[in-house]
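J.: Below is a structure I'd like to ask you about.
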Amino acid sequence: MRLNGVKNCGKASLADTAGNLLNHSVAYVKTGNDPKKTISIDPWLQDCGFLPEMMSKYKNEYKKYFKNPAKGQEMVLITRKPQELTPEQTEYFKQKYPQLVLKNRLFAGG
């Protein structure tokens, strides 16, 4: 997403409140300061939506696909530090993998 100019995006992992990972990661885009407006993008489940909606789906509809949280723990989403790319690295990936660059005004503003 960063190659396409998307800001405030990164990777997050499902975990329980004790910090045990549940073997599933998603992409996210923060659309402001309200966590309820964060968009979770889940390519494996082919689903996306605002964080509260997606967490509800993970806890109910999709729970059979993940490790269960430890007894007495809740399922949460923890963000991972985004991988920062230098301008040179960004250009390298754009040249090497042009199929990843979307020609869309939605992302790059032009």
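Residues are referred to by chain and number: the chain letter is A, B, ... according to the order shown in the structure tokens, the number counts from 1 in that chain, and ligands are numbered separately from 1 in the order shown.
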Got a sec to tell me which of stretch 45-76 of chain A DSSP assigns to alpha helix (DSSP H), as a PyMOL selection string?

T.: chain A and resi 51-59

J.: Can you write out as CSV which residues of stretch 54-92 of chain A fall within 12 Å of stretch 14-19 of chain A, alongside each residue's closest atom pair and its distance in Å to one decimal, counting only C-alpha atoms and ordering rows by chain and ascending residue number?

T.:
residue,atom,partner,partner_atom,distance
A:Met54,CA,A:Leu14,CA,11.2
A:Met55,CA,A:Leu14,CA,9.3
A:Tyr58,CA,A:Leu14,CA,8.8
A:Lys59,CA,A:Leu14,CA,10.4
A:Tyr62,CA,A:Leu14,CA,12.0
A:Lys63,CA,A:Leu14,CA,11.0
A:Tyr65,CA,A:Leu14,CA,11.6
A:Phe66,CA,A:Leu14,CA,8.8
A:Lys67,CA,A:Ala15,CA,9.1
A:Asn68,CA,A:Asp16,CA,8.4
A:Pro69,CA,A:Asp16,CA,5.1
A:Ala70,CA,A:Asp16,CA,6.8
A:Lys71,CA,A:Asp16,CA,9.5
A:Gly72,CA,A:Thr17,CA,9.1
A:Gln73,CA,A:Thr17,CA,5.5
A:Glu74,CA,A:Asp16,CA,5.3
A:Met75,CA,A:Asp16,CA,4.5
A:Val76,CA,A:Ala15,CA,5.4
A:Leu77,CA,A:Leu14,CA,4.6
A:Ile78,CA,A:Leu14,CA,6.4
A:Thr79,CA,A:Leu14,CA,8.9
A:Arg80,CA,A:Leu14,CA,10.7

J.: The selected residues should be written to file as a PDB file, in the first residue's frame (atoms: C-alpha atoms).

T.:
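out_12.pdb, written as the output of this step:
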ATOM      1  CA  MET A  54     -13.921  -7.003  11.646  1.00  0.00           C
ATOM      2  CA  MET A  55     -13.125  -7.829  15.297  1.00  0.00           C
ATOM      3  CA  TYR A  58     -12.945 -12.607  13.949  1.00  0.00           C
ATOM      4  CA  LYS A  59     -14.519 -13.447  17.313  1.00  0.00           C
ATOM      5  CA  TYR A  62     -14.143 -16.584  11.556  1.00  0.00           C
ATOM      6  CA  LYS A  63     -13.031 -17.906  14.963  1.00  0.00           C
ATOM      7  CA  TYR A  65      -9.800 -20.387  11.477  1.00  0.00           C
ATOM      8  CA  PHE A  66      -7.550 -19.142  14.309  1.00  0.00           C
ATOM      9  CA  LYS A  67      -5.886 -20.439  17.422  1.00  0.00           C
ATOM     10  CA  ASN A  68      -8.232 -19.783  20.332  1.00  0.00           C
ATOM     11  CA  PRO A  69      -7.262 -17.122  22.868  1.00  0.00           C
ATOM     12  CA  ALA A  70      -5.905 -18.479  26.148  1.00  0.00           C
ATOM     13  CA  LYS A  71      -8.555 -19.228  28.757  1.00  0.00           C
ATOM     14  CA  GLY A  72      -9.914 -16.003  30.206  1.00  0.00           C
ATOM     15  CA  GLN A  73      -8.320 -13.869  27.468  1.00  0.00           C
ATOM     16  CA  GLU A  74      -9.997 -11.740  24.810  1.00  0.00           C
ATOM     17  CA  MET A  75      -9.021 -11.516  21.137  1.00  0.00           C
ATOM     18  CA  VAL A  76      -7.339  -8.220  20.226  1.00  0.00           C
ATOM     19  CA  LEU A  77      -5.460  -6.765  17.268  1.00  0.00           C
ATOM     20  CA  ILE A  78      -1.908  -5.568  17.931  1.00  0.00           C
ATOM     21  CA  THR A  79      -0.110  -3.354  15.446  1.00  0.00           C
ATOM     22  CA  ARG A  80       3.395  -4.100  14.250  1.00  0.00           C
TER      23      ARG A  80
END

J.: Write out as a list in words the residues lying within 12 Å of A:Asp47, counting only C-alpha atoms and excluding same-chain residues fewer than 5 positions away.

T.: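 Using only C-alpha atoms, the neighbours found are Val26, Ala27, Tyr28, Ile39, Ser40, Ile41, Asp42, Glu53, Met54, Met55, Lys57, Tyr58, Glu61 and Tyr62 of chain A.
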
J.: Take the selection from the previous step and output its residues with N, CA and C atoms, as a compact mmCIF listing (two decimals), in the first residue's frame.

T.:
# COMPACT_ATOMS: atom_id res chain seq x y z
N VAL A 26 -3.10 -9.06 9.40
CA VAL A 26 -3.90 -8.28 8.46
C VAL A 26 -3.18 -6.97 8.16
N ALA A 27 -3.63 -6.29 7.14
CA ALA A 27 -3.18 -4.93 6.87
C ALA A 27 -4.22 -3.98 7.46
N TYR A 28 -3.79 -2.78 7.80
CA TYR A 28 -4.75 -1.80 8.31
C TYR A 28 -4.40 -0.42 7.76
N ILE A 39 -9.45 0.88 9.22
CA ILE A 39 -9.91 -0.14 8.27
C ILE A 39 -8.97 -1.34 8.35
N SER A 40 -9.55 -2.51 8.55
CA SER A 40 -8.79 -3.76 8.55
C SER A 40 -8.98 -4.42 7.19
N ILE A 41 -7.88 -4.79 6.55
CA ILE A 41 -7.91 -5.43 5.23
C ILE A 41 -7.34 -6.83 5.41
N ASP A 42 -8.15 -7.83 5.14
CA ASP A 42 -7.77 -9.21 5.40
C ASP A 42 -7.79 -10.00 4.08
N GLU A 53 -16.23 -3.88 13.34
CA GLU A 53 -16.95 -4.89 12.54
C GLU A 53 -16.08 -6.11 12.29
N MET A 54 -14.81 -5.89 11.93
CA MET A 54 -13.92 -7.00 11.65
C MET A 54 -13.59 -7.79 12.91
N MET A 55 -13.40 -7.10 14.05
CA MET A 55 -13.12 -7.83 15.30
C MET A 55 -14.31 -8.71 15.67
N LYS A 57 -16.35 -10.10 13.56
CA LYS A 57 -16.28 -11.25 12.64
C LYS A 57 -15.20 -12.24 13.07
N TYR A 58 -14.02 -11.72 13.50
CA TYR A 58 -12.94 -12.61 13.95
C TYR A 58 -13.39 -13.42 15.16
N GLU A 61 -17.77 -15.20 13.43
CA GLU A 61 -17.86 -15.86 12.13
C GLU A 61 -16.58 -16.60 11.73
N TYR A 62 -15.41 -16.01 12.02
CA TYR A 62 -14.14 -16.58 11.56
C TYR A 62 -13.33 -17.28 12.64

J.: Please identify all polymer residues within 10 Å of stretch 81-88 of chain A, counting only C-alpha atoms, omitting same-chain residues fewer than 5 positions from it, and present them as an MDAnalysis selection string.

T.: chainID A and resid 2:3 8:12 93:94

J.: Report the distance between atom CA of A:Gln99 and atom CA of A:Gly5 in Å, rounded to one decimal place.

T.: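 Taking atom CA of A:Gln99 and atom CA of A:Gly5, their separation equals 14.8 Å.
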